[in-house]
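With JSON, C-alpha atoms inside, this is upload.json:
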```json
[["chain", "number", "residue", "atom", "x", "y", "z"],
["A", 17, "MET", "CA", -0.28, 0.28, 10.23],
["A", 18, "THR", "CA", 2.71, 2.58, 9.77],
["A", 19, "ALA", "CA", 4.39, 0.02, 7.51],
["A", 20, "ILE", "CA", 1.26, -0.41, 5.39],
["A", 21, "LEU", "CA", 0.73, 3.34, 5.00],
["A", 22, "GLY", "CA", 4.38, 3.75, 4.09],
["A", 23, "GLY", "CA", 4.06, 1.01, 1.47],
["A", 24, "LEU", "CA", 0.99, 2.63, -0.07],
["A", 25, "LYS", "CA", 2.67, 6.03, -0.10],
["A", 26, "ASP", "CA", 5.75, 4.65, -1.85],
["A", 27, "VAL", "CA", 3.60, 3.04, -4.53],
["A", 28, "ILE", "CA", 1.20, 5.92, -5.09],
["A", 29, "PHE", "CA", 3.49, 8.92, -4.68],
["A", 30, "GLY", "CA", 7.01, 7.59, -4.23],
["A", 31, "ARG", "CA", 9.90, 5.69, -5.71],
["A", 32, "LEU", "CA", 7.90, 2.60, -6.62],
["A", 33, "THR", "CA", 5.14, 4.12, -8.75],
["A", 34, "LEU", "CA", 6.58, 3.17, -12.14],
["A", 35, "LEU", "CA", 7.45, -0.32, -10.95],
["A", 36, "ALA", "CA", 3.89, -0.71, -9.63],
["A", 37, "ILE", "CA", 2.42, 0.35, -12.97],
["A", 38, "LEU", "CA", 4.66, -2.13, -14.78],
["A", 39, "ASN", "CA", 3.66, -4.89, -12.37],
["A", 40, "PHE", "CA", -0.01, -4.01, -12.85],
["A", 41, "ILE", "CA", 0.12, -4.10, -16.64],
["A", 42, "LEU", "CA", 2.01, -7.39, -16.80],
["A", 43, "ALA", "CA", -0.05, -9.09, -14.09],
["A", 44, "VAL", "CA", -3.43, -8.04, -15.50],
["A", 45, "THR", "CA", -2.45, -9.11, -19.01],
["A", 46, "LEU", "CA", -1.19, -12.52, -17.89],
["A", 47, "THR", "CA", -4.19, -13.06, -15.62],
["A", 48, "VAL", "CA", -6.71, -12.40, -18.38],
["A", 49, "LEU", "CA", -4.81, -14.61, -20.83],
["A", 50, "ALA", "CA", -4.47, -17.43, -18.28],
["A", 51, "ALA", "CA", -8.14, -17.32, -17.29],
["A", 52, "GLY", "CA", -9.22, -17.31, -20.92],
["A", 53, "ALA", "CA", -6.93, -20.23, -21.72],
["A", 54, "LEU", "CA", -8.30, -22.28, -18.83],
["A", 55, "ILE", "CA", -11.87, -21.72, -19.94],
["A", 56, "LYS", "CA", -11.07, -22.43, -23.60],
["A", 57, "TYR", "CA", -8.80, -25.44, -23.29],
["A", 58, "VAL", "CA", -9.14, -27.00, -19.84],
["A", 59, "VAL", "CA", -12.82, -26.81, -18.90],
["A", 60, "PRO", "CA", -14.03, -28.59, -22.10],
["A", 61, "LEU", "CA", -11.76, -31.53, -21.20],
["A", 62, "ILE", "CA", -13.54, -32.08, -17.89],
["A", 63, "PRO", "CA", -16.16, -34.85, -18.16],
["A", 64, "ASP", "CA", -19.77, -33.88, -17.63],
["A", 65, "GLY", "CA", -21.09, -34.61, -14.18],
["A", 66, "GLY", "CA", -22.48, -33.05, -11.10],
["A", 67, "GLY", "CA", -21.30, -29.93, -9.37],
["A", 68, "TRP", "CA", -20.30, -26.48, -10.47],
["A", 69, "LEU", "CA", -18.06, -27.62, -13.34],
["A", 70, "ALA", "CA", -20.98, -29.28, -15.05],
["A", 71, "ASN", "CA", -22.96, -26.09, -14.68],
["A", 72, "VAL", "CA", -20.12, -24.11, -16.25],
["A", 73, "SER", "CA", -20.11, -26.38, -19.29],
["A", 74, "THR", "CA", -23.87, -26.35, -19.82],
["A", 75, "ALA", "CA", -25.35, -23.08, -18.55],
["A", 76, "GLY", "CA", -24.35, -20.94, -21.50],
["A", 77, "GLU", "CA", -22.39, -17.82, -22.16],
["A", 78, "PHE", "CA", -23.46, -15.97, -19.02],
["A", 79, "VAL", "CA", -22.17, -18.59, -16.64],
["A", 80, "ALA", "CA", -19.02, -18.98, -18.74],
["A", 81, "SER", "CA", -18.43, -15.25, -18.40],
["A", 82, "VAL", "CA", -18.88, -15.48, -14.65],
["A", 83, "ALA", "CA", -16.45, -18.39, -14.60],
["A", 84, "VAL", "CA", -13.84, -16.31, -16.43],
["A", 85, "VAL", "CA", -14.18, -13.58, -13.82],
["A", 86, "VAL", "CA", -13.90, -16.05, -10.94],
["A", 87, "LEU", "CA", -10.88, -17.73, -12.50],
["A", 88, "ALA", "CA", -9.24, -14.37, -13.09],
["A", 89, "ILE", "CA", -9.79, -13.48, -9.43],
["A", 90, "ALA", "CA", -8.39, -16.84, -8.34],
["A", 91, "LEU", "CA", -5.34, -16.53, -10.57],
["A", 92, "SER", "CA", -4.59, -12.86, -9.91],
["A", 93, "PRO", "CA", -2.65, -13.24, -6.63],
["A", 94, "ALA", "CA", -0.37, -15.98, -7.96],
["A", 95, "ILE", "CA", 0.38, -14.22, -11.24],
["A", 96, "SER", "CA", 0.95, -10.92, -9.49],
["A", 97, "MET", "CA", 3.36, -12.64, -7.08],
["A", 98, "LEU", "CA", 5.21, -14.27, -9.98],
["A", 99, "VAL", "CA", 5.62, -10.99, -11.85],
["A", 100, "GLY", "CA", 6.38, -9.16, -8.63],
["A", 101, "GLY", "CA", 9.17, -11.59, -7.81],
["A", 102, "LEU", "CA", 11.22, -9.97, -10.56],
["A", 103, "LEU", "CA", 10.65, -6.51, -9.12],
["A", 104, "PHE", "CA", 10.46, -7.24, -5.40],
["A", 105, "ASP", "CA", 14.14, -6.88, -4.54],
["A", 106, "VAL", "CA", 14.55, -3.80, -6.73],
["A", 107, "ALA", "CA", 11.69, -2.22, -4.81],
["A", 108, "ALA", "CA", 13.05, -3.34, -1.43],
["A", 109, "GLU", "CA", 16.47, -1.85, -2.23],
["A", 110, "ARG", "CA", 14.91, 1.49, -3.13],
["A", 111, "VAL", "CA", 12.95, 1.56, 0.12],
["A", 112, "GLU", "CA", 16.03, 0.61, 2.15],
["A", 113, "LYS", "CA", 17.84, 3.56, 0.64],
["A", 114, "LYS", "CA", 14.90, 5.86, 1.31],
["A", 115, "ILE", "CA", 14.54, 4.98, 4.99],
["A", 116, "GLY", "CA", 18.30, 4.99, 5.57],
["A", 117, "VAL", "CA", 19.11, 1.37, 6.36],
["A", 118, "PRO", "CA", 22.02, -0.65, 4.94],
["A", 119, "ALA", "CA", 21.17, -2.30, 1.63],
["A", 120, "GLY", "CA", 20.41, -5.98, 1.85],
["A", 121, "ARG", "CA", 22.07, -8.73, -0.16],
["A", 122, "ALA", "CA", 21.67, -8.24, -3.89],
["A", 123, "VAL", "CA", 19.50, -10.88, -5.51],
["A", 124, "PRO", "CA", 20.38, -11.99, -9.08],
["A", 125, "LEU", "CA", 17.64, -11.87, -11.71],
["A", 126, "HIS", "CA", 17.28, -15.66, -11.84],
["A", 127, "GLN", "CA", 16.97, -15.82, -8.05],
["A", 128, "GLY", "CA", 14.28, -13.15, -8.15],
["A", 129, "LEU", "CA", 12.37, -15.24, -10.66],
["A", 130, "LEU", "CA", 12.76, -18.33, -8.47],
["A", 131, "ASN", "CA", 11.57, -16.38, -5.45],
["A", 132, "GLY", "CA", 8.53, -15.24, -7.40],
["A", 133, "ALA", "CA", 7.78, -18.80, -8.49],
["A", 134, "ARG", "CA", 8.19, -20.11, -4.95],
["A", 135, "ILE", "CA", 5.74, -17.50, -3.69],
["A", 136, "ALA", "CA", 3.32, -17.91, -6.58],
["A", 137, "LEU", "CA", 3.08, -21.71, -6.73],
["A", 138, "PRO", "CA", 1.35, -22.28, -3.35],
["A", 139, "ALA", "CA", -0.96, -19.35, -4.08],
["A", 140, "LEU", "CA", -1.86, -20.80, -7.48],
["A", 141, "ILE", "CA", -2.53, -24.31, -6.17],
["A", 142, "LEU", "CA", -4.54, -23.22, -3.13],
["A", 143, "ASN", "CA", -6.60, -20.64, -5.03],
["A", 144, "LEU", "CA", -7.50, -23.20, -7.70],
["A", 145, "LEU", "CA", -8.45, -25.75, -5.02],
["A", 146, "VAL", "CA", -10.86, -23.34, -3.33],
["A", 147, "ILE", "CA", -12.48, -22.06, -6.53],
["A", 148, "PRO", "CA", -15.84, -23.69, -5.64],
["A", 149, "LEU", "CA", -15.92, -21.51, -2.51],
["A", 150, "TYR", "CA", -15.50, -18.40, -4.66],
["A", 151, "PHE", "CA", -19.03, -18.95, -5.98],
["A", 152, "ILE", "CA", -20.50, -18.58, -2.47],
["A", 153, "PRO", "CA", -21.25, -14.99, -1.40],
["A", 154, "VAL", "CA", -19.49, -13.75, 1.75],
["A", 155, "VAL", "CA", -17.53, -17.01, 2.04],
["A", 156, "ASN", "CA", -15.66, -16.09, -1.14],
["A", 157, "ALA", "CA", -14.39, -12.80, 0.31],
["A", 158, "ILE", "CA", -13.35, -14.39, 3.61],
["A", 159, "VAL", "CA", -11.49, -17.22, 1.89],
["A", 160, "PHE", "CA", -9.86, -15.03, -0.78],
["A", 161, "TYR", "CA", -8.56, -12.31, 1.51],
["A", 162, "GLY", "CA", -7.73, -14.61, 4.41],
["A", 163, "LEU", "CA", -5.87, -17.16, 2.29],
["A", 164, "ASN", "CA", -3.94, -14.70, 0.17],
["A", 165, "GLY", "CA", -3.26, -12.39, 3.10],
["A", 166, "PHE", "CA", -1.63, -15.28, 4.92],
["A", 167, "LEU", "CA", 0.39, -16.35, 1.86],
["A", 168, "MET", "CA", 1.54, -12.83, 1.01],
["A", 169, "GLY", "CA", 2.49, -11.99, 4.57],
["A", 170, "ARG", "CA", 4.35, -15.27, 5.00],
["A", 171, "GLU", "CA", 6.42, -15.07, 1.84],
["A", 172, "TYR", "CA", 6.97, -11.32, 1.55],
["A", 173, "SER", "CA", 8.24, -11.10, 5.13],
["A", 174, "THR", "CA", 10.59, -14.06, 4.67],
["A", 175, "VAL", "CA", 12.05, -12.79, 1.40],
["A", 176, "THR", "CA", 12.49, -9.29, 2.84],
["A", 177, "ALA", "CA", 14.11, -10.45, 6.08],
["A", 178, "ALA", "CA", 16.40, -12.87, 4.22],
["A", 179, "ARG", "CA", 18.04, -9.87, 2.56],
["A", 180, "HIS", "CA", 19.57, -9.04, 5.95],
["A", 181, "MET", "CA", 19.86, -12.37, 7.77],
["A", 182, "SER", "CA", 19.96, -16.10, 7.22],
["A", 183, "PHE", "CA", 16.85, -17.80, 5.87],
["A", 184, "ARG", "CA", 16.38, -19.65, 9.17],
["A", 185, "ASP", "CA", 16.53, -16.40, 11.15],
["A", 186, "ALA", "CA", 14.10, -14.80, 8.68],
["A", 187, "VAL", "CA", 11.60, -17.61, 9.29],
["A", 188, "GLN", "CA", 11.99, -17.25, 13.06],
["A", 189, "LEU", "CA", 11.44, -13.50, 12.85],
["A", 190, "ARG", "CA", 8.25, -14.11, 10.89],
["A", 191, "LYS", "CA", 6.96, -16.67, 13.36],
["A", 192, "ARG", "CA", 7.61, -14.40, 16.36],
["A", 193, "ASN", "CA", 5.59, -11.62, 14.74],
["A", 194, "GLY", "CA", 2.87, -13.62, 13.02],
["A", 195, "LEU", "CA", -0.01, -11.18, 13.59],
["A", 196, "LYS", "CA", 1.87, -8.13, 12.31],
["A", 197, "VAL", "CA", 3.08, -10.06, 9.28],
["A", 198, "PHE", "CA", -0.45, -11.31, 8.56],
["A", 199, "LEU", "CA", -1.94, -7.81, 8.79],
["A", 200, "VAL", "CA", 0.51, -6.48, 6.22],
["A", 201, "GLY", "CA", -0.22, -9.46, 3.98],
["A", 202, "LEU", "CA", -3.96, -8.95, 4.46],
["A", 203, "ALA", "CA", -3.67, -5.33, 3.38],
["A", 204, "CYS", "CA", -1.74, -6.45, 0.29],
["A", 205, "SER", "CA", -4.42, -9.02, -0.58],
["A", 206, "PHE", "CA", -6.92, -6.21, -1.16],
["A", 207, "ILE", "CA", -4.78, -4.87, -4.01],
["A", 208, "PRO", "CA", -3.38, -8.04, -5.63],
["A", 209, "PHE", "CA", -2.03, -6.42, -8.80],
["A", 210, "PHE", "CA", 0.00, -3.94, -6.75],
["A", 211, "ALA", "CA", 0.65, -6.27, -3.80],
["A", 212, "PRO", "CA", 4.31, -7.15, -4.48],
["A", 213, "LEU", "CA", 5.40, -3.52, -4.53],
["A", 214, "VAL", "CA", 3.31, -2.48, -1.54],
["A", 215, "GLY", "CA", 4.52, -5.63, 0.19],
["A", 216, "ALA", "CA", 8.17, -4.91, -0.58],
["A", 217, "SER", "CA", 7.91, -1.44, 0.92],
["A", 218, "ALA", "CA", 5.72, -2.33, 3.89],
["A", 219, "MET", "CA", 7.69, -5.44, 4.80],
["A", 220, "THR", "CA", 11.00, -3.62, 4.51],
["A", 221, "ARG", "CA", 9.73, -1.07, 7.02],
["A", 222, "LEU", "CA", 8.21, -3.73, 9.27],
["A", 223, "VAL", "CA", 11.28, -5.97, 9.26],
["A", 224, "GLN", "CA", 13.57, -3.08, 10.08],
["A", 225, "SER", "CA", 11.34, -2.02, 12.97],
["A", 226, "LEU", "CA", 11.31, -5.57, 14.32],
["A", 227, "ARG", "CA", 15.10, -5.84, 14.14],
["A", 228, "THR", "CA", 15.73, -2.67, 16.15]]
```
Structure re-expressed in structure tokens:
Amino acid sequence: MTAILGGLKDVIFGRLTLLAILNFILAVTLTVLAAGALIKYVVPLIPDGGGWLANVSTAGEFVASVAVVVLAIALSPAISMLVGGLLFDVAAERVEKKIGVPAGRAVPLHQGLLNGARIALPALILNLLVIPLYFIPVVNAIVFYGLNGFLMGREYSTVTAARHMSFRDAVQLRKRNGLKVFLVGLACSFIPFFAPLVGASAMTRLVQSLRT
């Protein structure tokens, strides 16, 4: 809880506010464009048949609008993670300086992009696979927050810890503290467009507390 509150404070009132705003603008823009492109170019290519996709193609503008919203929701975590990958280590370094711990290994820009892609790809694939569940009330919230909370906690903790230790040790640290890592990821899943920056701050605090 302390790590999560610290992450929120850094984003709302602290050193990460401008980075969070930048992440928000880029992620929202890309999410809307991606959802619109899927509806415009991909859905019409799907053959008519049973199930929800057939309903999307035949039920008119209202259902199409709903589909855009659902697709945007499904895409938002992955796109936010991809954009956030470029900013994650910058944010983590600022938080390390703030809380007085040695700076972790510097991550080159291309590595930050690769980290973002590695985090985003599983989120993209899994969220697209479970899209039918997003049309079911209650189930949609459980699946969305549970799935993305797990993914965010898993990857953010590993990337953060790997700044200070080997990748293998970072994975072991995550596995030993699975519940704490998941809770931070779950909190991040409720604010997907700001998640990478909150995650960078919260995970930096959590990892340092687990190492001491």
Work out how far apart CA of Phe160 (chain A) and CA of Ile135 (chain A) are and give it in Å to one decimal. 16.1 Å
Spatial neighbours of Phe166 (chain A), max dist 8 Å, all atoms listed in the file, sep filter under 6 positions, as a CSV table (one decimal) with C-alpha atoms, in the coordinates of the input:
```
chain,number,residue,atom,x,y,z
A,198,PHE,CA,-0.4,-11.3,8.6
A,201,GLY,CA,-0.2,-9.5,4.0
A,202,LEU,CA,-4.0,-9.0,4.5
```
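Minimum atom-to-atom distance to Leu24 (chain A), evaluated using only C-alpha atoms, belongs to A:Phe206 out of A:Tyr150, A:Tyr172, A:Phe206, A:Phe183.
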Taking only C-alpha atoms into account, name the residue in A:Ala186, A:Ala50, A:Ile158, A:Ala122 that is nearest to Phe104 (chain A).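 Distance minimum relative to Phe104 (chain A) lands on A:Ala122.
A straight line drawn from CA of Leu103 (chain A) to CA of Leu145 (chain A) is 27.4 Å long.
Computed from the coordinates, the CA of Leu98 (chain A) to CA of Leu163 (chain A) distance equals 16.8 Å.
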Please return, as a PDB file with C-alpha atoms, in the frame of the given file, all polymer residues that have at least one atom within 10 Å of the point (4.1, -7.3, 2.8); use only C-alpha atoms and the file's own coordinate frame.
```pdb
ATOM      1  CA  ALA A  19       4.390   0.020   7.510  1.00  0.00           C
ATOM      2  CA  ILE A  20       1.260  -0.410   5.390  1.00  0.00           C
ATOM      3  CA  GLY A  23       4.060   1.010   1.470  1.00  0.00           C
ATOM      4  CA  GLY A 165      -3.260 -12.390   3.100  1.00  0.00           C
ATOM      5  CA  LEU A 167       0.390 -16.350   1.860  1.00  0.00           C
ATOM      6  CA  MET A 168       1.540 -12.830   1.010  1.00  0.00           C
ATOM      7  CA  GLY A 169       2.490 -11.990   4.570  1.00  0.00           C
ATOM      8  CA  ARG A 170       4.350 -15.270   5.000  1.00  0.00           C
ATOM      9  CA  GLU A 171       6.420 -15.070   1.840  1.00  0.00           C
ATOM     10  CA  TYR A 172       6.970 -11.320   1.550  1.00  0.00           C
ATOM     11  CA  SER A 173       8.240 -11.100   5.130  1.00  0.00           C
ATOM     12  CA  THR A 174      10.590 -14.060   4.670  1.00  0.00           C
ATOM     13  CA  VAL A 175      12.050 -12.790   1.400  1.00  0.00           C
ATOM     14  CA  THR A 176      12.490  -9.290   2.840  1.00  0.00           C
ATOM     15  CA  LYS A 196       1.870  -8.130  12.310  1.00  0.00           C
ATOM     16  CA  VAL A 197       3.080 -10.060   9.280  1.00  0.00           C
ATOM     17  CA  PHE A 198      -0.450 -11.310   8.560  1.00  0.00           C
ATOM     18  CA  LEU A 199      -1.940  -7.810   8.790  1.00  0.00           C
ATOM     19  CA  VAL A 200       0.510  -6.480   6.220  1.00  0.00           C
ATOM     20  CA  GLY A 201      -0.220  -9.460   3.980  1.00  0.00           C
ATOM     21  CA  LEU A 202      -3.960  -8.950   4.460  1.00  0.00           C
ATOM     22  CA  ALA A 203      -3.670  -5.330   3.380  1.00  0.00           C
ATOM     23  CA  CYS A 204      -1.740  -6.450   0.290  1.00  0.00           C
ATOM     24  CA  SER A 205      -4.420  -9.020  -0.580  1.00  0.00           C
ATOM     25  CA  ALA A 211       0.650  -6.270  -3.800  1.00  0.00           C
ATOM     26  CA  PRO A 212       4.310  -7.150  -4.480  1.00  0.00           C
ATOM     27  CA  LEU A 213       5.400  -3.520  -4.530  1.00  0.00           C
ATOM     28  CA  VAL A 214       3.310  -2.480  -1.540  1.00  0.00           C
ATOM     29  CA  GLY A 215       4.520  -5.630   0.190  1.00  0.00           C
ATOM     30  CA  ALA A 216       8.170  -4.910  -0.580  1.00  0.00           C
ATOM     31  CA  SER A 217       7.910  -1.440   0.920  1.00  0.00           C
ATOM     32  CA  ALA A 218       5.720  -2.330   3.890  1.00  0.00           C
ATOM     33  CA  MET A 219       7.690  -5.440   4.800  1.00  0.00           C
ATOM     34  CA  THR A 220      11.000  -3.620   4.510  1.00  0.00           C
ATOM     35  CA  ARG A 221       9.730  -1.070   7.020  1.00  0.00           C
ATOM     36  CA  LEU A 222       8.210  -3.730   9.270  1.00  0.00           C
ATOM     37  CA  VAL A 223      11.280  -5.970   9.260  1.00  0.00           C
TER      38      VAL A 223
END
```
Selected residue of minimal separation from Val106 (chain A) among A:Leu35, A:Ala88, A:Leu46, A:Ile41, counting all atoms listed in the file: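 That would be A:Leu35, the residue with the smallest distance to Val106 (chain A).
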Nearest-residue call for Val85 (chain A), choices A:Ala136, A:Leu32, A:Ala119, A:Ile147, using only C-alpha atoms: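 Checking each candidate against Val85 (chain A), we get A:Ile147 as the closest.
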